[in-house]
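Worksheet: the structure to be examined is printed underneath.
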Amino acid sequence: MAVPRRSTAKGKWIAARRKAREYAMVARALASTSHPVLAQIVPARFCNLSCAYCNEYDKVSEPVPLDEMLRRIDHLGRLGTAMIGISGGEPLTHPQLDDIIVRMRMTGAIAGMITNGYLLNVERIERLNRAGLDHMQISIDNLEPDEVSKKSLKVLDKKLQMLAEHAEFHVNINSVVGGGFKDPNDALVIGKRALELGFESTIGIIHDGDGQLKPLKPDEAKVYFEMTNRKKTNYAQFDAFQEAIVQGRENEWRCRAGSRYLYICEDGLVHYCSQQRGYPGVPIAEYTTADVKREFLTAKSCAPNCTIGCVHRISHIDHWRAPQTKTISPGSQGELVNIQM
């Protein structure tokens with residue numbers, strides 16, 4: 001393999017500049033609570049795969065038109081959003097993804113994406129470099145594809161090697177436990193391979209259809225703790241909330257969904273997260289700083305058993321301040337409708 005792009009002088013400069021922007025993001029988040037820290041936005045609900053445990057894709061949706069995506073991103077910029085992450089469906093199925101990423105960077109946001117990695121090739125990686133992508137996460141579920149998931153190391157290893165050689169952006173490989181996979185020890189092999197290639201490695205816990213707690217079996221818990229005993233970097237250091245999940249215990253925390261974290265679906269509506277869709281249900285073009293401030297102080301009754309890692313991590317920034325003064329219950333009539341797919 002040639003010298004990895006991130007090991008060149010240019011690659012090191014890009015990484016250092018990205019790190020400085022991340023420190024500035026954290027400093028700004030600590031100084032002010034009136035802007036979103038992370039927004040996840042869906043440009044394409046369609047996915048090229050059909051993983052049995054996933055409820056976040058379909059096989060029929062058209063990509064969101066580019067002009068509409070740019071309008072939504074511009075409004076996130078007006079709200080002062082610090083990070084914008086693209087999710088789906090599969091983002092790489094959107095024909096104008098590069099233009100979307102460029103616009104994200106133009107707002108001043110850190111640009112990320114979650115992908116299954118199947119559609120990556122050298123040319124695609126180079127385009128993502130030029131667009132200014134900062135972070136990529138790929139979830140790999142098992143070593144061999146099966147009826148539960150096709151996101152296997154066997155299929156994706158060549159894609160990972162391409163990323164290791166050509167990517168100028170940060171790459172995290174996320175393995176999972178608790179999803180009915182045949183051998184939970186696959187997560188250890190996946191994590192080891194990620195580290196060998198110079199990537200970050202994290203582990204997630206599969207939730208139920210409402211994003212709620214699904215305790216691990218003993219062999220799954222053993223694998224989880226073996227993974228988390230390794231050196232923690234970046235977001236992995238904020239995964240302490242998962243220890244309670246492993247043991248089937250509730251977490252005591254202040255969920256800032258709808259405020260510090262926004263989920264914008266393909267219809268352009270703001271939701272608490274991917275698993276609690278329906279509230280606030282306001283078009284992102286109409287979402288205001290007043291909405292952000294209101295939701296910052298709103299407790300969600302689903303929070304104690306929540307397993308949605310991105311919301312936990314972002315909310316951790318404000319764990320020490322602003323006790324929440326009102327409560328909303330997901331699924332209660334007239335408040336929030338949980339959309340099942």
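As shown in the structure tokens, the chain order sets the letters A, B, ...; within each chain, residues go from 1, and ligands are also counted from 1 in the order they appear.
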Report task. Would you please give, as a ChimeraX atom specification, all residues of range 71-216 of chain A that DSSP assigns to strand (DSSP E) based on the backbone? Result -> /A:83-88,110-115,135-140,170-177,200-205
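Distance annotation: of A:Arg124, A:Arg130, A:Lys19, A:Lys150, the residue with the minimal separation from Asn48 in chain A is A:Lys150; atom set is only C-alpha atoms.
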Query raised in the report: What lies within 8 Å of Leu30 in chain A using only C-alpha atoms, ignoring chain neighbours under 3 positions off, as a ChimeraX atom specification?
Result: /A:26-27,33,317-318
Requested in this report: For Glu295 in chain A, work out the shell of residues within 12 Å, counting only C-alpha atoms and skipping chain neighbours fewer than 2 positions away, then give it as an MDAnalysis selection string.
Outcome: chainID A and resid 33:36 254:262 270:272 279:280 287:293 297:300 315 322:328
Query raised in the report: Near Asn251 in chain A, counting only C-alpha atoms, which residues have an atom at most 10 Å away, once you skip same-chain residues fewer than 5 positions from it, shown as a list in words?
Result: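 So, after excluding close chain neighbours, the residues are Leu213, Ala240, Phe241, Gln242, Glu243, Ala244, Ile245, Ala303, Pro304, Asn305, Cys306, Thr307 and His312 of chain A.
Proximity to Gly89 in chain A was assessed for A:Gly77, A:Gly198, A:Pro43, A:Gly108 counting only C-alpha atoms; the smallest distance is recorded for A:Pro43.
Computed from the coordinates, the CA of Ile138 in chain A to CA of Val122 in chain A distance equals 16.1 Å.
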Query raised in the report: Using only C-alpha atoms, which residue out of A:Glu200, A:Asp99, A:Asp157, A:Glu90 lies closest to Asn172 in chain A?
Result: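 Distance minimum relative to Asn172 in chain A lands on A:Glu200.
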Query raised in the report: Nearest to Tyr53 in chain A among A:Ser149, A:Asn174, A:Ser274, A:Gln247, with distances taken over only C-alpha atoms: which residue is it?
Result: A:Ser149
Report task. List the neighbours of Asp186 in chain A out to 8 Å using only C-alpha atoms; skip same-chain residues closer than 6 positions along the sequence, and give me the result as a list in words. Result ->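 My list of contacting residues is Asp141, Asn142 and Leu143 of chain A.
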Query raised in the report: Any idea what's packed within 8 Å of Ser87 in chain A, counting only C-alpha atoms, ignoring anything in its chain fewer than 3 positions away? Could you give it as a PyMOL selection string?
Result: chain A and resi 40-43+90-91+113-115
Query raised in the report: How many Å lie between CA of Ser139 in chain A and CA of Lys12 in chain A, rounded to one decimal?
Result: 25.2 Å
Query raised in the report: Between CA of Tyr57 in chain A and CA of Ser152 in chain A, what is the spacing in Å?
Result: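 Taking CA of Ser152 in chain A as the start and CA of Tyr57 in chain A as the end point, the length is 18.4 Å.
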Query - Pick from A:Ile308, A:Gln275, A:Trp320, A:Ile110, whichever lies nearest to Ala20 in chain A using only C-alpha atoms - result: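 Looking at the shortest contact to Ala20 in chain A, the residue is A:Ile110.
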Query raised in the report: DSSP says helix (DSSP H, G or I) for which residues of range 116-296 of chain A? Put them as a VMD selection string?
Result: chain A and resid 122 to 131 153 to 166 186 to 196 218 to 228 234 to 238 241 to 246 284 to 286 289 to 296
